[in-house]
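Q: Pasting data.tsv here (TSV, C-alpha atoms):
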```
chain	number	residue	atom	x	y	z
Z	912	MET	CA	10.42	-10.21	-35.94
Z	913	LYS	CA	11.66	-12.75	-33.39
Z	914	TYR	CA	10.26	-16.26	-33.47
Z	915	ARG	CA	8.82	-15.99	-29.94
Z	916	GLU	CA	6.85	-12.92	-31.02
Z	917	LEU	CA	5.46	-14.78	-34.00
Z	918	ALA	CA	4.62	-17.80	-31.85
Z	919	LYS	CA	2.75	-15.50	-29.49
Z	920	ILE	CA	0.71	-13.99	-32.33
Z	921	LEU	CA	-0.15	-17.40	-33.76
Z	922	LYS	CA	-1.11	-18.74	-30.32
Z	923	VAL	CA	-3.52	-15.84	-29.80
Z	924	GLU	CA	-5.05	-16.55	-33.22
Z	925	ILE	CA	-5.36	-20.26	-32.37
Z	926	ASP	CA	-7.00	-19.47	-29.04
Z	927	LYS	CA	-9.49	-17.18	-30.80
Z	928	GLY	CA	-10.42	-20.00	-33.22
Z	929	LYS	CA	-9.05	-18.38	-36.37
Z	930	TYR	CA	-7.99	-21.73	-37.86
Z	931	ARG	CA	-11.00	-23.73	-36.72
Z	932	ASP	CA	-12.45	-24.01	-40.24
Z	933	THR	CA	-9.31	-25.36	-41.91
Z	934	GLY	CA	-7.96	-27.12	-38.82
Z	935	LYS	CA	-4.39	-26.22	-39.64
Z	936	LEU	CA	-1.90	-23.37	-39.92
Z	937	PRO	CA	-1.05	-21.67	-43.21
Z	938	THR	CA	2.02	-23.03	-44.98
Z	939	GLU	CA	5.52	-21.77	-44.22
Z	940	PRO	CA	5.65	-19.57	-47.37
Z	941	GLU	CA	2.22	-18.12	-46.54
Z	942	LEU	CA	3.29	-17.27	-42.98
Z	943	MET	CA	6.56	-15.79	-44.23
Z	944	GLU	CA	4.66	-13.51	-46.61
Z	945	GLN	CA	1.92	-12.62	-44.12
Z	946	PHE	CA	4.28	-11.59	-41.32
Z	947	GLY	CA	7.36	-10.58	-43.31
Z	948	ALA	CA	9.31	-13.21	-41.38
Z	949	THR	CA	12.24	-15.39	-42.33
Z	950	ARG	CA	11.92	-19.13	-42.80
Z	951	TYR	CA	14.06	-19.57	-39.67
Z	952	CYS	CA	11.63	-17.42	-37.68
Z	953	VAL	CA	8.55	-19.26	-38.95
Z	954	ARG	CA	10.01	-22.73	-38.37
Z	955	ASN	CA	11.13	-21.93	-34.84
Z	956	ALA	CA	7.79	-20.32	-33.98
Z	957	ILE	CA	5.95	-23.42	-35.19
Z	958	ALA	CA	8.38	-25.67	-33.31
Z	959	LEU	CA	7.63	-23.73	-30.13
Z	960	LEU	CA	3.87	-24.08	-30.67
Z	961	ALA	CA	4.34	-27.82	-31.23
Z	962	GLU	CA	6.33	-28.04	-28.00
Z	963	LEU	CA	3.50	-26.28	-26.16
Z	964	GLY	CA	0.99	-28.73	-27.61
Z	965	ASP	CA	-0.93	-26.24	-29.76
Z	966	VAL	CA	-0.10	-27.79	-33.15
Z	967	TYR	CA	1.13	-31.12	-34.48
Z	968	PRO	CA	2.59	-32.18	-37.85
Z	969	VAL	CA	0.94	-34.55	-40.32
Z	970	GLN	CA	3.51	-35.67	-42.86
Z	971	GLY	CA	2.73	-34.27	-46.27
Z	972	SER	CA	-0.28	-32.30	-45.03
Z	973	GLY	CA	1.08	-29.51	-42.83
Z	974	MET	CA	0.77	-28.34	-39.23
Z	975	PHE	CA	-2.62	-29.04	-37.68
Z	976	VAL	CA	-4.15	-27.21	-34.76
Z	977	ARG	CA	-4.74	-29.49	-31.80
Z	978	GLU	CA	-8.40	-29.37	-30.90
Z	979	ASN	CA	-9.15	-28.68	-27.25
Z	980	ARG	CA	-11.78	-31.19	-26.14
Z	981	ARG	CA	-11.46	-30.16	-22.50
Z	982	GLU	CA	-13.97	-27.33	-22.32
Z	983	GLY	CA	-14.41	-26.07	-18.79
Z	984	CYS	CA	-10.98	-27.30	-17.72
Z	985	LEU	CA	-7.78	-25.45	-16.94
Z	986	ASN	CA	-4.71	-26.27	-18.98
Z	987	ILE	CA	-2.05	-27.25	-16.47
Z	988	ASN	CA	0.58	-25.71	-18.78
Z	989	GLY	CA	-1.44	-22.56	-19.45
Z	990	THR	CA	0.14	-19.12	-19.11
Z	991	ARG	CA	-2.80	-17.05	-20.31
Z	992	GLY	CA	-4.64	-16.46	-17.06
Z	993	MET	CA	-8.04	-17.73	-15.95
Z	994	THR	CA	-10.08	-15.27	-18.03
Z	995	SER	CA	-8.67	-16.69	-21.27
Z	996	GLU	CA	-9.18	-20.28	-20.12
Z	997	PHE	CA	-12.97	-19.95	-19.83
Z	998	PRO	CA	-14.32	-18.24	-22.96
Z	999	GLY	CA	-18.06	-17.76	-22.83
Z	1000	HIS	CA	-18.11	-17.72	-19.03
Z	1001	SER	CA	-18.14	-14.87	-16.57
Z	1002	VAL	CA	-14.77	-14.63	-14.80
Z	1003	SER	CA	-14.46	-11.96	-12.14
Z	1004	SER	CA	-12.40	-11.15	-9.06
Z	1005	LYS	CA	-13.17	-9.90	-5.59
Z	1006	LEU	CA	-10.12	-8.03	-4.35
Z	1007	ILE	CA	-9.11	-8.97	-0.83
Z	1008	LYS	CA	-5.89	-6.97	-0.48
Z	1009	LEU	CA	-3.50	-4.97	-2.67
Z	1010	GLU	CA	-0.28	-3.53	-1.30
Z	1011	GLN	CA	3.21	-2.46	-2.31
Z	1012	ARG	CA	6.10	-3.84	-0.30
Z	1013	GLU	CA	9.62	-5.20	-0.50
Z	1014	ALA	CA	10.10	-8.78	-1.65
Z	1015	GLY	CA	11.71	-9.72	1.67
Z	1016	ALA	CA	11.40	-13.44	2.38
Z	1017	ASP	CA	9.85	-13.99	-1.08
Z	1018	SER	CA	13.01	-12.78	-2.85
Z	1019	ALA	CA	14.42	-16.29	-3.23
Z	1020	ARG	CA	11.31	-17.48	-5.03
Z	1021	LEU	CA	11.11	-14.34	-7.17
Z	1022	LYS	CA	14.85	-14.50	-7.94
Z	1023	CYS	CA	15.29	-10.86	-6.97
Z	1024	ALA	CA	16.91	-8.74	-4.27
Z	1025	ALA	CA	15.24	-8.66	-0.86
Z	1026	ASP	CA	14.61	-4.90	-1.21
Z	1027	ALA	CA	13.06	-5.22	-4.68
Z	1028	LYS	CA	9.59	-3.64	-4.84
Z	1029	VAL	CA	6.60	-5.86	-5.49
Z	1030	TYR	CA	2.84	-5.62	-5.70
Z	1031	SER	CA	1.17	-8.18	-3.45
Z	1032	VAL	CA	-2.34	-9.11	-4.57
Z	1033	SER	CA	-4.87	-11.34	-2.79
Z	1034	ARG	CA	-8.21	-11.97	-4.46
Z	1035	LEU	CA	-11.11	-14.38	-4.71
Z	1036	ARG	CA	-11.65	-15.62	-8.27
Z	1037	LEU	CA	-15.26	-16.18	-9.29
Z	1038	LEU	CA	-16.49	-18.31	-12.18
Z	1039	ASP	CA	-20.05	-17.47	-13.20
Z	1040	ASP	CA	-20.36	-15.58	-9.89
Z	1041	GLU	CA	-19.45	-18.66	-7.82
Z	1042	PRO	CA	-16.23	-18.96	-5.71
Z	1043	PHE	CA	-13.66	-20.86	-7.74
Z	1044	ALA	CA	-10.22	-20.08	-6.31
Z	1045	ILE	CA	-8.22	-17.91	-3.92
Z	1046	GLU	CA	-5.19	-16.33	-5.51
Z	1047	TYR	CA	-2.13	-14.86	-3.82
Z	1048	ALA	CA	0.24	-13.23	-6.31
Z	1049	LEU	CA	3.41	-11.15	-6.31
Z	1050	TYR	CA	4.36	-8.96	-9.27
Z	1051	LEU	CA	7.81	-7.40	-9.55
Z	1052	LYS	CA	7.47	-3.65	-10.06
Z	1053	GLU	CA	10.50	-3.78	-12.33
Z	1054	PHE	CA	8.18	-5.31	-14.94
Z	1055	VAL	CA	4.71	-4.35	-13.64
Z	1056	PRO	CA	5.28	-0.75	-12.50
Z	1057	TYR	CA	1.65	0.01	-11.67
Z	1058	LEU	CA	-1.36	-1.87	-10.33
Z	1059	SER	CA	-4.55	-0.29	-9.05
Z	1060	GLU	CA	-7.57	-1.80	-7.32
Z	1061	GLU	CA	-9.49	-1.51	-10.60
Z	1062	ILE	CA	-6.83	-3.41	-12.54
Z	1063	ALA	CA	-6.40	-6.02	-9.80
Z	1064	SER	CA	-10.16	-6.63	-9.81
Z	1065	GLY	CA	-10.06	-7.51	-13.53
Z	1066	SER	CA	-7.76	-9.59	-15.71
Z	1067	ILE	CA	-4.22	-8.75	-14.60
Z	1068	TYR	CA	-2.73	-10.84	-17.40
Z	1069	ALA	CA	-4.76	-9.00	-20.03
Z	1070	TYR	CA	-3.45	-5.73	-18.56
Z	1071	ILE	CA	0.12	-7.06	-18.62
Z	1072	ARG	CA	-0.10	-8.12	-22.25
Z	1073	GLU	CA	-2.33	-5.47	-23.78
Z	1074	ASP	CA	-1.54	-2.34	-21.76
Z	1075	LEU	CA	2.05	-2.97	-20.69
Z	1076	GLY	CA	2.93	-4.80	-23.91
Z	1077	LEU	CA	4.80	-7.57	-22.10
Z	1078	SER	CA	5.22	-10.94	-23.79
Z	1079	THR	CA	4.66	-13.79	-21.36
Z	1080	GLY	CA	6.66	-16.94	-21.95
Z	1081	PHE	CA	6.36	-19.96	-19.68
Z	1082	ALA	CA	5.58	-20.98	-16.11
Z	1083	ASP	CA	6.95	-23.47	-13.61
Z	1084	LYS	CA	4.17	-25.12	-11.61
Z	1085	LEU	CA	4.12	-27.10	-8.40
Z	1086	ILE	CA	0.84	-28.87	-7.58
Z	1087	TYR	CA	-0.22	-30.45	-4.31
Z	1088	ALA	CA	-3.24	-30.92	-2.02
Z	1089	ARG	CA	-3.82	-29.23	1.33
Z	1090	GLU	CA	-6.60	-29.00	3.89
Z	1091	LEU	CA	-8.32	-25.61	4.07
Z	1092	ASP	CA	-8.21	-23.47	7.18
Z	1093	HIS	CA	-11.32	-21.63	8.36
Z	1094	GLY	CA	-10.53	-18.38	6.51
Z	1095	ARG	CA	-9.94	-19.91	3.09
Z	1096	ALA	CA	-12.80	-22.40	3.54
Z	1097	ASP	CA	-15.25	-19.55	4.24
Z	1098	LEU	CA	-14.14	-17.68	1.11
Z	1099	LEU	CA	-14.66	-20.77	-1.07
Z	1100	GLY	CA	-17.95	-21.75	0.55
Z	1101	LEU	CA	-16.45	-24.96	1.95
Z	1102	SER	CA	-15.75	-26.34	5.42
Z	1103	ALA	CA	-12.49	-26.15	7.34
Z	1104	GLY	CA	-10.56	-29.34	6.72
Z	1105	ASP	CA	-11.93	-29.79	3.21
Z	1106	PRO	CA	-9.23	-30.39	0.57
Z	1107	ALA	CA	-7.96	-27.83	-1.89
Z	1108	LEU	CA	-5.80	-28.29	-4.94
Z	1109	VAL	CA	-2.94	-25.82	-4.57
Z	1110	VAL	CA	-0.90	-24.60	-7.54
Z	1111	GLU	CA	2.30	-22.62	-7.06
Z	1112	ASP	CA	2.88	-20.78	-10.32
Z	1113	ASP	CA	6.17	-19.02	-11.15
Z	1114	ALA	CA	5.68	-17.08	-14.40
Z	1115	TYR	CA	8.35	-15.82	-16.77
Z	1116	LEU	CA	8.44	-13.37	-19.63
Z	1117	ALA	CA	9.41	-14.50	-23.12
Z	1118	SER	CA	12.85	-13.03	-22.32
Z	1119	GLY	CA	13.27	-15.61	-19.55
Z	1120	ARG	CA	12.94	-13.09	-16.69
Z	1121	MET	CA	10.62	-14.04	-13.85
Z	1122	PHE	CA	7.95	-11.39	-13.17
Z	1123	ASN	CA	5.23	-13.12	-11.14
Z	1124	ALA	CA	4.94	-15.72	-8.39
Z	1125	GLY	CA	1.52	-16.95	-7.41
Z	1126	THR	CA	-0.14	-19.50	-5.13
Z	1127	VAL	CA	-3.73	-20.49	-5.91
Z	1128	TYR	CA	-6.13	-22.55	-3.80
Z	1129	TYR	CA	-8.77	-24.13	-6.07
Z	1130	HIS	CA	-12.27	-25.27	-5.07
Z	1131	TYR	CA	-11.90	-29.05	-5.19
Z	1132	LYS	CA	-15.44	-29.62	-6.52
Z	1133	LYS	CA	-15.15	-27.12	-9.38
Z	1134	ALA	CA	-11.58	-27.07	-10.69
Z	1135	THR	CA	-10.47	-29.68	-13.21
Z	1136	PHE	CA	-7.14	-29.66	-15.00
Z	1137	PHE	CA	-5.85	-31.25	-18.18
Z	1138	ASN	CA	-2.54	-31.53	-19.99
Z	1139	PHE	CA	-1.49	-32.39	-23.53
Z	1140	ALA	CA	0.87	-35.36	-23.69
Z	1141	ASP	CA	3.10	-36.46	-26.57
Z	1142	LEU	CA	3.11	-40.22	-27.05
Z	1143	LYS	CA	6.64	-40.78	-28.31
```
Show me, as structure tokens, the structure contained in the file I just sent.
A:
Amino acid sequence: MKYRELAKILKVEIDKGKYRDTGKLPTEPELMEQFGATRYCVRNAIALLAELGDVYPVQGSGMFVRENRREGCLNINGTRGMTSEFPGHSVSSKLIKLEQREAGADSARLKCAADAKVYSVSRLRLLDDEPFAIEYALYLKEFVPYLSEEIASGSIYAYIREDLGLSTGFADKLIYARELDHGRADLLGLSAGDPALVVEDDAYLASGRMFNAGTVYYHYKKATFFNFADLK
């Protein structure tokens, strides 16, 4: 087992609240025995989780799970997709457009050839049946060989992880504010000229290969972000 695979497993368990009762991860020997992993693998997996802000060390006591006190907020460093960020809420999508095309002018951002095939997805994201964000996303067919309207109307990231078996790694994000035009304002239930928080999200697999580039316009009254910071 590679340490990134183990880190991914542990992160899923953390997100599901498996360690909520104890507040910390099992010891290194316990993790080694549970997953049949080497000490090197376990230590590097934990180091990666610490770097992501999911756990922190307490000298002499072990690795503690960092409690998320930002319920209802999006983690600015999150790579799990919106569905996973809002447990207990209804997250749905209204598909605007799904097409296959060549990367063309987007090839530089996707780090691929201009004639590489991509799925282009536009959709309105709804939180508890209310407009929350407009998402424009490109998925390289090299890694995501098939998308249907049914899949694109649900959790694409869940499909990527659970059905395609891909291991997502990290994302580069650019955040800025823009005024909404009439089309986007109507979709979000706002007025033209209202502000929107825009996030450009370039997502990579655990292997370091880029597979997805997205641009999301968030409803400025509903979207709140947070980030873990190390005070060193």
Q: Rounded to one decimal in Å, what is the spacing between atom CA of Ser1031 of chain Z and atom CA of Leu1009 of chain Z?
A: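 About the pair atom CA of Ser1031 of chain Z and atom CA of Leu1009 of chain Z: they are 5.7 Å apart.
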Q: Please report the interatomic distance between atom CA of Asp932 of chain Z and atom CA of Ala1134 of chain Z in Å with one decimal.
A: 29.7 Å
Q: Return as JSON lines the residues of segment 955-1042 of chain Z lying at most 12 Å from segment 1077-1100 of chain Z, together with the closest atom-to-atom pair for each and the distance in Å to one decimal, counting all atoms listed in the file, with rows in chain order and ascending residue number.
A:
```
{"residue": "Z:Leu959", "atom": "CA", "partner": "Z:Gly1080", "partner_atom": "CA", "distance": 10.7}
{"residue": "Z:Leu960", "atom": "CA", "partner": "Z:Gly1080", "partner_atom": "CA", "distance": 11.6}
{"residue": "Z:Glu962", "atom": "CA", "partner": "Z:Phe1081", "partner_atom": "CA", "distance": 11.6}
{"residue": "Z:Leu963", "atom": "CA", "partner": "Z:Phe1081", "partner_atom": "CA", "distance": 9.5}
{"residue": "Z:Asn986", "atom": "CA", "partner": "Z:Lys1084", "partner_atom": "CA", "distance": 11.6}
{"residue": "Z:Ile987", "atom": "CA", "partner": "Z:Lys1084", "partner_atom": "CA", "distance": 8.2}
{"residue": "Z:Asn988", "atom": "CA", "partner": "Z:Ala1082", "partner_atom": "CA", "distance": 7.4}
{"residue": "Z:Gly989", "atom": "CA", "partner": "Z:Ala1082", "partner_atom": "CA", "distance": 7.9}
{"residue": "Z:Thr990", "atom": "CA", "partner": "Z:Phe1081", "partner_atom": "CA", "distance": 6.3}
{"residue": "Z:Arg991", "atom": "CA", "partner": "Z:Thr1079", "partner_atom": "CA", "distance": 8.2}
{"residue": "Z:Gly992", "atom": "CA", "partner": "Z:Thr1079", "partner_atom": "CA", "distance": 10.6}
{"residue": "Z:Lys1005", "atom": "CA", "partner": "Z:Leu1098", "partner_atom": "CA", "distance": 10.3}
{"residue": "Z:Leu1006", "atom": "CA", "partner": "Z:Leu1098", "partner_atom": "CA", "distance": 11.8}
{"residue": "Z:Ile1007", "atom": "CA", "partner": "Z:Leu1098", "partner_atom": "CA", "distance": 10.2}
{"residue": "Z:Arg1020", "atom": "CA", "partner": "Z:Asp1083", "partner_atom": "CA", "distance": 11.3}
{"residue": "Z:Leu1021", "atom": "CA", "partner": "Z:Asp1083", "partner_atom": "CA", "distance": 11.9}
{"residue": "Z:Ser1033", "atom": "CA", "partner": "Z:Arg1095", "partner_atom": "CA", "distance": 11.6}
{"residue": "Z:Arg1034", "atom": "CA", "partner": "Z:Leu1098", "partner_atom": "CA", "distance": 9.9}
{"residue": "Z:Leu1035", "atom": "CA", "partner": "Z:Leu1098", "partner_atom": "CA", "distance": 7.3}
{"residue": "Z:Arg1036", "atom": "CA", "partner": "Z:Leu1099", "partner_atom": "CA", "distance": 9.4}
{"residue": "Z:Leu1037", "atom": "CA", "partner": "Z:Leu1099", "partner_atom": "CA", "distance": 9.4}
{"residue": "Z:Leu1038", "atom": "CA", "partner": "Z:Leu1099", "partner_atom": "CA", "distance": 11.5}
{"residue": "Z:Asp1040", "atom": "CA", "partner": "Z:Leu1099", "partner_atom": "CA", "distance": 11.7}
{"residue": "Z:Glu1041", "atom": "CA", "partner": "Z:Leu1099", "partner_atom": "CA", "distance": 8.5}
{"residue": "Z:Pro1042", "atom": "CA", "partner": "Z:Leu1099", "partner_atom": "CA", "distance": 5.2}
```
Q: Emit the selected residues as an mmCIF file, keeping the file's coordinate frame, including C-alpha atoms.
A:
```
data_model
loop_
_atom_site.group_PDB
_atom_site.id
_atom_site.type_symbol
_atom_site.label_atom_id
_atom_site.label_comp_id
_atom_site.auth_asym_id
_atom_site.auth_seq_id
_atom_site.Cartn_x
_atom_site.Cartn_y
_atom_site.Cartn_z
ATOM 1 C CA LEU Z 959 7.630 -23.730 -30.130
ATOM 2 C CA LEU Z 960 3.870 -24.080 -30.670
ATOM 3 C CA GLU Z 962 6.330 -28.040 -28.000
ATOM 4 C CA LEU Z 963 3.500 -26.280 -26.160
ATOM 5 C CA ASN Z 986 -4.710 -26.270 -18.980
ATOM 6 C CA ILE Z 987 -2.050 -27.250 -16.470
ATOM 7 C CA ASN Z 988 0.580 -25.710 -18.780
ATOM 8 C CA GLY Z 989 -1.440 -22.560 -19.450
ATOM 9 C CA THR Z 990 0.140 -19.120 -19.110
ATOM 10 C CA ARG Z 991 -2.800 -17.050 -20.310
ATOM 11 C CA GLY Z 992 -4.640 -16.460 -17.060
ATOM 12 C CA LYS Z 1005 -13.170 -9.900 -5.590
ATOM 13 C CA LEU Z 1006 -10.120 -8.030 -4.350
ATOM 14 C CA ILE Z 1007 -9.110 -8.970 -0.830
ATOM 15 C CA ARG Z 1020 11.310 -17.480 -5.030
ATOM 16 C CA LEU Z 1021 11.110 -14.340 -7.170
ATOM 17 C CA SER Z 1033 -4.870 -11.340 -2.790
ATOM 18 C CA ARG Z 1034 -8.210 -11.970 -4.460
ATOM 19 C CA LEU Z 1035 -11.110 -14.380 -4.710
ATOM 20 C CA ARG Z 1036 -11.650 -15.620 -8.270
ATOM 21 C CA LEU Z 1037 -15.260 -16.180 -9.290
ATOM 22 C CA LEU Z 1038 -16.490 -18.310 -12.180
ATOM 23 C CA ASP Z 1040 -20.360 -15.580 -9.890
ATOM 24 C CA GLU Z 1041 -19.450 -18.660 -7.820
ATOM 25 C CA PRO Z 1042 -16.230 -18.960 -5.710
#
```
Q: Might you pull out every residue within 12 Å of Lys1133 of chain Z, with only C-alpha atoms counted and same-chain residues fewer than 2 positions away left off, and present them as a PDB file with C-alpha atoms, in the coordinates of the input?
A:
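This went into selection17.pdb:
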```
ATOM      1  CA  GLY Z 983     -14.410 -26.070 -18.790  1.00  0.00           C
ATOM      2  CA  CYS Z 984     -10.980 -27.300 -17.720  1.00  0.00           C
ATOM      3  CA  LEU Z 985      -7.780 -25.450 -16.940  1.00  0.00           C
ATOM      4  CA  LEU Z1037     -15.260 -16.180  -9.290  1.00  0.00           C
ATOM      5  CA  LEU Z1038     -16.490 -18.310 -12.180  1.00  0.00           C
ATOM      6  CA  ASP Z1039     -20.050 -17.470 -13.200  1.00  0.00           C
ATOM      7  CA  GLU Z1041     -19.450 -18.660  -7.820  1.00  0.00           C
ATOM      8  CA  PRO Z1042     -16.230 -18.960  -5.710  1.00  0.00           C
ATOM      9  CA  PHE Z1043     -13.660 -20.860  -7.740  1.00  0.00           C
ATOM     10  CA  ALA Z1044     -10.220 -20.080  -6.310  1.00  0.00           C
ATOM     11  CA  LEU Z1099     -14.660 -20.770  -1.070  1.00  0.00           C
ATOM     12  CA  GLY Z1100     -17.950 -21.750   0.550  1.00  0.00           C
ATOM     13  CA  LEU Z1101     -16.450 -24.960   1.950  1.00  0.00           C
ATOM     14  CA  ALA Z1107      -7.960 -27.830  -1.890  1.00  0.00           C
ATOM     15  CA  LEU Z1108      -5.800 -28.290  -4.940  1.00  0.00           C
ATOM     16  CA  TYR Z1128      -6.130 -22.550  -3.800  1.00  0.00           C
ATOM     17  CA  TYR Z1129      -8.770 -24.130  -6.070  1.00  0.00           C
ATOM     18  CA  HIS Z1130     -12.270 -25.270  -5.070  1.00  0.00           C
ATOM     19  CA  TYR Z1131     -11.900 -29.050  -5.190  1.00  0.00           C
ATOM     20  CA  THR Z1135     -10.470 -29.680 -13.210  1.00  0.00           C
ATOM     21  CA  PHE Z1136      -7.140 -29.660 -15.000  1.00  0.00           C
TER      22      PHE Z1136
END
```
Q: Using atom CA of Glu1060 of chain Z and atom CA of Lys1008 of chain Z as the two end points, give the distance in Å to one decimal.
A: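 Answer for the atom CA of Glu1060 of chain Z to atom CA of Lys1008 of chain Z separation: 8.7 Å.
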Q: Which residue out of Z:Lys1052, Z:Lys1132, Z:Lys935, Z:Arg1072 has the minimum interatomic distance to Cys1023 of chain Z when all atoms listed in the file are used?
A: Z:Lys1052
Q: Smallest atom-to-atom distance to Gly934 of chain Z: which of Z:Ala948, Z:Leu1051, Z:Val966, Z:Ala956, using all atoms listed in the file?
A: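 For Gly934 of chain Z, the nearest of the given residues is Z:Val966.
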Q: Padding of 4 Å on every side, edges along x, y and z, all listed atoms of segment 1052-1066 of chain Z included: what centre and edge lengths in Å, to one decimal, does that box have, as AutoDock Vina command-line options?
A:
```
--center_x 0.2 --center_y -4.8 --center_z -11.5 --size_x 28.7 --size_y 17.6 --size_z 16.4
```
Q: Would you list the contacts of segment 921-927 of chain Z as a list in words, taking every protein, DNA or RNA residue within 9 Å and counting all atoms listed in the file, but skipping same-chain residues closer than 6 positions in sequence?
A: Leu936, Ala956, Ile957, Leu960, Asp965, Val976 and Ser995 of chain Z
Q: Which one is closest to Glu1061 of chain Z: Z:Ser1003, Z:Gln1011, Z:Leu1116, Z:Gly973? Count all atoms listed in the file.
A: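 Counting all atoms listed in the file, the residue closest to Glu1061 of chain Z is Z:Ser1003.
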Q: With the input short on atoms, add all heavy atoms back to segment 1044-1050 of chain Z and write it as a tab-separated table (two decimals), in the frame of the given file.
A:
```
chain	number	residue	atom	x	y	z
Z	1044	ALA	N	-11.59	-19.97	-6.79
Z	1044	ALA	CA	-10.22	-20.08	-6.31
Z	1044	ALA	C	-9.83	-18.85	-5.51
Z	1044	ALA	O	-10.42	-17.78	-5.67
Z	1044	ALA	CB	-9.27	-20.26	-7.50
Z	1045	ILE	N	-8.84	-19.02	-4.64
Z	1045	ILE	CA	-8.22	-17.91	-3.92
Z	1045	ILE	C	-6.81	-17.76	-4.44
Z	1045	ILE	O	-6.04	-18.73	-4.46
Z	1045	ILE	CB	-8.19	-18.15	-2.40
Z	1045	ILE	CG1	-9.59	-18.49	-1.88
Z	1045	ILE	CG2	-7.65	-16.92	-1.68
Z	1045	ILE	CD1	-9.57	-19.02	-0.45
Z	1046	GLU	N	-6.48	-16.57	-4.87
Z	1046	GLU	CA	-5.19	-16.33	-5.51
Z	1046	GLU	C	-4.35	-15.35	-4.70
Z	1046	GLU	O	-4.83	-14.29	-4.32
Z	1046	GLU	CB	-5.41	-15.78	-6.91
Z	1046	GLU	CG	-4.15	-15.40	-7.66
Z	1046	GLU	CD	-4.47	-14.72	-8.98
Z	1046	GLU	OE1	-4.73	-15.44	-9.96
Z	1046	GLU	OE2	-4.49	-13.48	-9.02
Z	1047	TYR	N	-3.11	-15.74	-4.44
Z	1047	TYR	CA	-2.13	-14.86	-3.82
Z	1047	TYR	C	-1.00	-14.68	-4.83
Z	1047	TYR	O	-0.39	-15.66	-5.25
Z	1047	TYR	CB	-1.58	-15.47	-2.54
Z	1047	TYR	CG	-2.64	-15.85	-1.53
Z	1047	TYR	CD1	-3.13	-17.16	-1.47
Z	1047	TYR	CD2	-3.17	-14.92	-0.65
Z	1047	TYR	CE1	-4.11	-17.52	-0.57
Z	1047	TYR	CE2	-4.16	-15.27	0.27
Z	1047	TYR	CZ	-4.62	-16.58	0.30
Z	1047	TYR	OH	-5.59	-16.93	1.20
Z	1048	ALA	N	-0.74	-13.45	-5.24
Z	1048	ALA	CA	0.24	-13.23	-6.31
Z	1048	ALA	C	1.16	-12.07	-5.99
Z	1048	ALA	O	0.77	-11.09	-5.36
Z	1048	ALA	CB	-0.49	-12.96	-7.63
Z	1049	LEU	N	2.40	-12.20	-6.44
Z	1049	LEU	CA	3.41	-11.15	-6.31
Z	1049	LEU	C	3.89	-10.77	-7.70
Z	1049	LEU	O	4.23	-11.65	-8.50
Z	1049	LEU	CB	4.60	-11.65	-5.47
Z	1049	LEU	CG	4.31	-12.06	-4.03
Z	1049	LEU	CD1	5.53	-12.75	-3.43
Z	1049	LEU	CD2	3.91	-10.85	-3.20
Z	1050	TYR	N	3.91	-9.47	-7.98
Z	1050	TYR	CA	4.36	-8.96	-9.27
Z	1050	TYR	C	5.53	-8.01	-9.05
Z	1050	TYR	O	5.40	-7.04	-8.30
Z	1050	TYR	CB	3.24	-8.23	-10.01
Z	1050	TYR	CG	2.08	-9.12	-10.38
Z	1050	TYR	CD1	1.02	-9.29	-9.51
Z	1050	TYR	CD2	2.05	-9.78	-11.61
Z	1050	TYR	CE1	-0.05	-10.12	-9.83
Z	1050	TYR	CE2	0.99	-10.61	-11.94
Z	1050	TYR	CZ	-0.05	-10.77	-11.05
Z	1050	TYR	OH	-1.11	-11.59	-11.37
```
